[in-house]
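Accompanying notes for the structure given below.
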Amino acid sequence: MMVGPADPVRELIEVHRELCEQAVDVLDIAAGLEDSGIGPAGAAAYRHTDVFGLAEELSARVARRPDGPGDPDGPGGPGPVARRSRRAAAALTAAAAHLVPVAVLAVGGASVPVAAAAVIVGAVVLTLATGRPRWSRWPGWAAAGYGLGAAVLLAAVTAGSVPLGAAAATAAGSARWCARWVRDLGRGHLGAAVTMAEFRARMRPVLPVAAVLQLALTGLWTAAALALTPGAPHGPDGSAAAAALSGAGVTAWAVQGCAGLALLVSAVLAHAGRAALAASVVLLAGAGTAALLLPSAQTAGRLVCAGPLALLLPYAWLLLGRPGAHRARPAG
């Protein structure tokens, strides 16, 4: 291997040293090189036929920085059982925090002052719950944006129906579980895949499966909340569940689905280091859901709810195909 002035890779190492030191593996370095604009033609300038080969040389020549304090769920962290336990704990914690604005409205009644109090209290609690954990991927401003958006979203849903609000809050817990499952699966594929193409092929079905699972769980929470509400109507066969499924309007079910997906996309983007987008999708979902309460703004509300999801779901799907999205680093 040539060194000194005749070594064309030395300058590249200096430019991307931090990337090489913090990379999960060779695929992570290759993704970083692609992000910087180096493609097959650029790799040829460094005497390699493709970016992956160039990344392998960088990985071999730059020592990985020793692991210090970092994400406890990162590579080399706990085993499968511990990861499953942490997913469950994160889901329960998220659901409990998101139930706060619902509880305020349920106790105080659906009036404007109570709704405002629910938004304020919920925003504070959710901001602290999102940004307070030591290994949070949320900068303070993004955590505040998420907290406000989620509080408005849940208050708006609860203003229409307390059971629906409780179901949406529970869906926040399942969204957190699904997002961690996506993250853990992505990190596992990083270690198993040999090439970028193989890694991307492994990741293609992951987000669609998570989205379908989140929609199914959101529907389950919604039906259960409606069926278990005291005084809930019963169907001809005596089934409260059947009456719940048919009693809620199409708009209510659509709002529940959008809320569940927005919370999932937000959590996935946060784990991938896209805190600004993660906060934005929930802020927009909250604004759209609040607009649905006004008869004159329902069309705009539907667009604000569904529009960002139509854009950010494909974006998140593409993002998860990049090894760098699964690196254990804070969002920012």
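Within each chain, counting starts at residue 1; across the structure tokens, chains are named A, B, ... in the order shown, with ligands numbered 1 upward in that order.
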Can you check which parts of range 55-169 of chain A lie within 8 Å of range 206-226 of chain A? Per residue, the shortest pair of atoms and distance in Å to one decimal, counting only C-alpha atoms, sorted by chain and number, as CSV.
```
residue,atom,partner,partner_atom,distance
A:Pro163,CA,A:Ala225,CA,5.2
A:Leu164,CA,A:Thr222,CA,6.0
A:Ala166,CA,A:Ala225,CA,7.1
A:Ala167,CA,A:Thr222,CA,4.9
A:Ala168,CA,A:Thr218,CA,7.1
```
I need the alpha helix (DSSP H) residues of range 12-240 of chain A per DSSP on the backbone, written as a ChimeraX atom specification. /A:12-15,17-22,26-35,40-44,51-61,80-108,112-131,140-160,162-192,196-203,206-228,240
Residues of range 254-303 of chain A that approach range 169-188 of chain A to 12 Å or less, counting only C-alpha atoms: could you list each one with the shortest pair of atoms and its distance in Å to one decimal, rows by chain and increasing residue number, as CSV?
```
residue,atom,partner,partner_atom,distance
A:Gln256,CA,A:Ala171,CA,8.8
A:Gly257,CA,A:Ala171,CA,9.5
A:Cys258,CA,A:Ala171,CA,10.8
A:Ala259,CA,A:Ala171,CA,8.2
A:Gly260,CA,A:Ala171,CA,5.7
A:Leu261,CA,A:Ala175,CA,7.8
A:Ala262,CA,A:Ala175,CA,8.9
A:Leu263,CA,A:Ala175,CA,5.9
A:Leu264,CA,A:Ala175,CA,4.5
A:Val265,CA,A:Ala179,CA,8.0
A:Ser266,CA,A:Ala175,CA,8.7
A:Ala267,CA,A:Ala179,CA,5.7
A:Val268,CA,A:Ala179,CA,5.0
A:Leu269,CA,A:Ala179,CA,8.7
A:Ala270,CA,A:Ala179,CA,9.0
A:His271,CA,A:Arg183,CA,6.9
A:Ala272,CA,A:Arg183,CA,8.1
A:Gly273,CA,A:Arg183,CA,11.4
A:Ala278,CA,A:Ala179,CA,12.0
A:Val282,CA,A:Ala172,CA,11.1
```
Mind writing the picked residues with all heavy atoms as a tab-separated table (two decimals), in the first residue's frame?
```tsv
chain	number	residue	atom	x	y	z
A	256	GLN	N	-57.77	8.35	13.47
A	256	GLN	CA	-57.00	7.42	14.30
A	256	GLN	C	-55.85	6.81	13.51
A	256	GLN	O	-54.71	6.69	14.00
A	256	GLN	CB	-57.91	6.32	14.84
A	256	GLN	CG	-58.95	6.79	15.84
A	256	GLN	CD	-58.37	7.30	17.13
A	256	GLN	OE1	-58.22	8.51	17.30
A	256	GLN	NE2	-58.04	6.42	18.04
A	257	GLY	N	-56.14	6.41	12.27
A	257	GLY	CA	-55.09	5.83	11.45
A	257	GLY	C	-53.98	6.82	11.14
A	257	GLY	O	-52.79	6.48	11.22
A	258	CYS	N	-54.35	8.05	10.81
A	258	CYS	CA	-53.34	9.08	10.52
A	258	CYS	C	-52.51	9.39	11.76
A	258	CYS	O	-51.29	9.56	11.68
A	258	CYS	CB	-54.01	10.35	10.01
A	258	CYS	SG	-54.57	10.25	8.29
A	259	ALA	N	-53.18	9.46	12.91
A	259	ALA	CA	-52.45	9.73	14.15
A	259	ALA	C	-51.45	8.61	14.45
A	259	ALA	O	-50.29	8.87	14.80
A	259	ALA	CB	-53.43	9.89	15.31
A	260	GLY	N	-51.90	7.37	14.30
A	260	GLY	CA	-51.00	6.24	14.56
A	260	GLY	C	-49.81	6.23	13.62
A	260	GLY	O	-48.67	6.01	14.05
A	261	LEU	N	-50.05	6.49	12.34
A	261	LEU	CA	-48.95	6.51	11.38
A	261	LEU	C	-48.02	7.70	11.62
A	261	LEU	O	-46.79	7.57	11.49
A	261	LEU	CB	-49.49	6.57	9.95
A	261	LEU	CG	-49.98	5.25	9.35
A	261	LEU	CD1	-50.48	5.48	7.94
A	261	LEU	CD2	-48.88	4.19	9.36
A	262	ALA	N	-48.58	8.86	11.96
A	262	ALA	CA	-47.74	10.04	12.22
A	262	ALA	C	-46.81	9.78	13.40
A	262	ALA	O	-45.62	10.14	13.37
A	262	ALA	CB	-48.62	11.26	12.50
A	263	LEU	N	-47.34	9.16	14.45
A	263	LEU	CA	-46.50	8.86	15.62
A	263	LEU	C	-45.42	7.85	15.27
A	263	LEU	O	-44.28	7.93	15.76
A	263	LEU	CB	-47.39	8.34	16.75
A	263	LEU	CG	-48.35	9.38	17.35
A	263	LEU	CD1	-49.42	8.71	18.18
A	263	LEU	CD2	-47.58	10.39	18.19
A	264	LEU	N	-45.75	6.88	14.41
A	264	LEU	CA	-44.74	5.89	13.99
A	264	LEU	C	-43.66	6.55	13.15
A	264	LEU	O	-42.46	6.35	13.40
A	264	LEU	CB	-45.41	4.77	13.20
A	264	LEU	CG	-44.43	3.80	12.51
A	264	LEU	CD1	-43.64	3.01	13.54
A	264	LEU	CD2	-45.17	2.86	11.56
A	265	VAL	N	-44.05	7.30	12.13
A	265	VAL	CA	-43.07	7.95	11.25
A	265	VAL	C	-42.17	8.88	12.06
A	265	VAL	O	-40.96	8.93	11.85
A	265	VAL	CB	-43.79	8.71	10.12
A	265	VAL	CG1	-42.79	9.55	9.33
A	265	VAL	CG2	-44.50	7.74	9.19
A	266	SER	N	-42.76	9.60	13.00
A	266	SER	CA	-41.97	10.49	13.84
A	266	SER	C	-40.92	9.72	14.63
A	266	SER	O	-39.75	10.12	14.69
A	266	SER	CB	-42.89	11.25	14.80
A	266	SER	OG	-42.15	12.06	15.67
A	267	ALA	N	-41.32	8.61	15.24
A	267	ALA	CA	-40.38	7.82	16.04
A	267	ALA	C	-39.28	7.22	15.17
A	267	ALA	O	-38.09	7.19	15.55
A	267	ALA	CB	-41.12	6.73	16.80
A	268	VAL	N	-39.64	6.74	13.97
A	268	VAL	CA	-38.64	6.16	13.07
A	268	VAL	C	-37.65	7.23	12.62
A	268	VAL	O	-36.42	7.01	12.61
A	268	VAL	CB	-39.34	5.53	11.84
A	268	VAL	CG1	-38.33	5.19	10.75
A	268	VAL	CG2	-40.10	4.27	12.26
A	269	LEU	N	-38.14	8.41	12.26
A	269	LEU	CA	-37.25	9.49	11.82
A	269	LEU	C	-36.34	9.94	12.96
A	269	LEU	O	-35.17	10.27	12.73
A	269	LEU	CB	-38.07	10.67	11.31
A	269	LEU	CG	-38.80	10.46	9.97
A	269	LEU	CD1	-39.72	11.63	9.67
A	269	LEU	CD2	-37.79	10.27	8.84
A	270	ALA	N	-36.86	9.96	14.18
A	270	ALA	CA	-36.03	10.35	15.32
A	270	ALA	C	-34.89	9.37	15.52
A	270	ALA	O	-33.73	9.77	15.75
A	270	ALA	CB	-36.88	10.44	16.59
A	271	HIS	N	-35.16	8.07	15.42
A	271	HIS	CA	-34.11	7.07	15.57
A	271	HIS	C	-33.09	7.16	14.43
A	271	HIS	O	-31.94	6.77	14.61
A	271	HIS	CB	-34.71	5.67	15.61
A	271	HIS	CG	-35.30	5.31	16.93
A	271	HIS	ND1	-34.59	5.33	18.12
A	271	HIS	CD2	-36.56	4.92	17.28
A	271	HIS	CE1	-35.36	4.97	19.12
A	271	HIS	NE2	-36.57	4.72	18.64
A	272	ALA	N	-33.52	7.67	13.28
A	272	ALA	CA	-32.61	7.80	12.14
A	272	ALA	C	-31.86	9.13	12.16
A	272	ALA	O	-31.13	9.43	11.21
A	272	ALA	CB	-33.39	7.67	10.83
A	273	GLY	N	-32.05	9.92	13.21
A	273	GLY	CA	-31.32	11.17	13.33
A	273	GLY	C	-31.95	12.35	12.62
A	273	GLY	O	-31.28	13.34	12.33
A	278	ALA	N	-39.05	14.68	12.40
A	278	ALA	CA	-39.83	13.91	13.37
A	278	ALA	C	-40.79	14.81	14.13
A	278	ALA	O	-41.95	14.45	14.36
A	278	ALA	CB	-38.90	13.18	14.34
A	282	VAL	N	-45.50	15.42	13.51
A	282	VAL	CA	-46.48	15.40	14.60
A	282	VAL	C	-47.13	16.78	14.76
A	282	VAL	O	-48.33	16.89	15.03
A	282	VAL	CB	-45.83	14.93	15.91
A	282	VAL	CG1	-46.81	15.00	17.06
A	282	VAL	CG2	-45.34	13.50	15.76
```
Please provide the set of residues having any atom within 8 Å of range 107-117 of chain A, restricted to only C-alpha atoms, with same-chain residues fewer than 4 positions apart removed, written as a PyMOL selection string. chain A and resi 103+121+155+159
When you look at Gly42 in chain A with a cut-off of 12 Å (counting only C-alpha atoms), what residues show up, excluding the ones that are within fewer than 2 positions of it in the same chain? I need them as a VMD selection string. chain A and resid 8 to 9 12 33 to 34 36 to 40 44 to 54
Those selected residues, please, written with N, CA and C atoms and delivered as a tab-separated table (two decimals), in the first residue's frame.
```
chain	number	residue	atom	x	y	z
A	8	PRO	N	-3.31	8.58	-2.87
A	8	PRO	CA	-4.47	9.45	-3.07
A	8	PRO	C	-5.54	9.31	-1.99
A	9	VAL	N	-5.45	8.25	-1.17
A	9	VAL	CA	-6.48	8.01	-0.17
A	9	VAL	C	-6.22	8.80	1.11
A	12	LEU	N	-8.35	11.81	1.56
A	12	LEU	CA	-9.73	11.40	1.80
A	12	LEU	C	-9.92	10.94	3.24
A	33	LEU	N	-19.68	8.06	2.28
A	33	LEU	CA	-18.99	8.49	1.06
A	33	LEU	C	-20.00	8.85	-0.02
A	34	GLU	N	-21.05	8.04	-0.15
A	34	GLU	CA	-22.08	8.35	-1.14
A	34	GLU	C	-22.77	9.65	-0.81
A	36	SER	N	-21.48	12.18	0.54
A	36	SER	CA	-20.57	13.29	0.23
A	36	SER	C	-20.38	13.47	-1.27
A	37	GLY	N	-21.02	12.63	-2.07
A	37	GLY	CA	-20.97	12.80	-3.52
A	37	GLY	C	-19.98	11.90	-4.24
A	38	ILE	N	-19.39	10.94	-3.54
A	38	ILE	CA	-18.43	10.03	-4.17
A	38	ILE	C	-19.18	8.81	-4.70
A	39	GLY	N	-19.20	8.64	-6.01
A	39	GLY	CA	-19.82	7.50	-6.64
A	39	GLY	C	-18.77	6.60	-7.27
A	40	PRO	N	-19.17	5.69	-8.14
A	40	PRO	CA	-18.19	4.80	-8.80
A	40	PRO	C	-17.10	5.56	-9.53
A	44	ALA	N	-13.00	5.54	-8.61
A	44	ALA	CA	-11.94	5.21	-9.57
A	44	ALA	C	-10.73	6.13	-9.41
A	45	ALA	N	-10.97	7.36	-8.98
A	45	ALA	CA	-9.86	8.29	-8.77
A	45	ALA	C	-8.98	7.84	-7.61
A	46	TYR	N	-9.50	7.00	-6.76
A	46	TYR	CA	-8.73	6.47	-5.62
A	46	TYR	C	-8.34	5.01	-5.85
A	47	ARG	N	-8.31	4.60	-7.14
A	47	ARG	CA	-7.85	3.27	-7.54
A	47	ARG	C	-8.76	2.15	-7.03
A	48	HIS	N	-10.07	2.41	-7.01
A	48	HIS	CA	-11.05	1.39	-6.63
A	48	HIS	C	-12.15	1.34	-7.67
A	49	THR	N	-12.69	0.15	-7.87
A	49	THR	CA	-13.73	-0.01	-8.90
A	49	THR	C	-15.10	0.43	-8.40
A	50	ASP	N	-15.32	0.47	-7.08
A	50	ASP	CA	-16.62	0.91	-6.55
A	50	ASP	C	-16.42	1.54	-5.18
A	51	VAL	N	-17.49	2.14	-4.69
A	51	VAL	CA	-17.43	2.84	-3.40
A	51	VAL	C	-17.20	1.85	-2.26
A	52	PHE	N	-17.76	0.66	-2.37
A	52	PHE	CA	-17.61	-0.31	-1.29
A	52	PHE	C	-16.14	-0.69	-1.10
A	53	GLY	N	-15.43	-0.89	-2.19
A	53	GLY	CA	-14.01	-1.21	-2.09
A	53	GLY	C	-13.23	-0.08	-1.44
A	54	LEU	N	-13.55	1.16	-1.81
A	54	LEU	CA	-12.90	2.31	-1.19
A	54	LEU	C	-13.21	2.37	0.30
```
note - CA of Ala106 in chain A and CA of Ala123 in chain A are separated by 16.6 Å
Just to confirm, what's the straight-line distance from CA of Gly149 in chain A to CA of Ala97 in chain A in Å (one decimal)?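 Going from CA of Gly149 in chain A over to CA of Ala97 in chain A, I get 13.6 Å.
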Can you measure CA of Leu99 in chain A to CA of Leu303 in chain A for me? One decimal in Å is fine.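 If I compute the distance from CA of Leu99 in chain A to CA of Leu303 in chain A, I get 26.0 Å.
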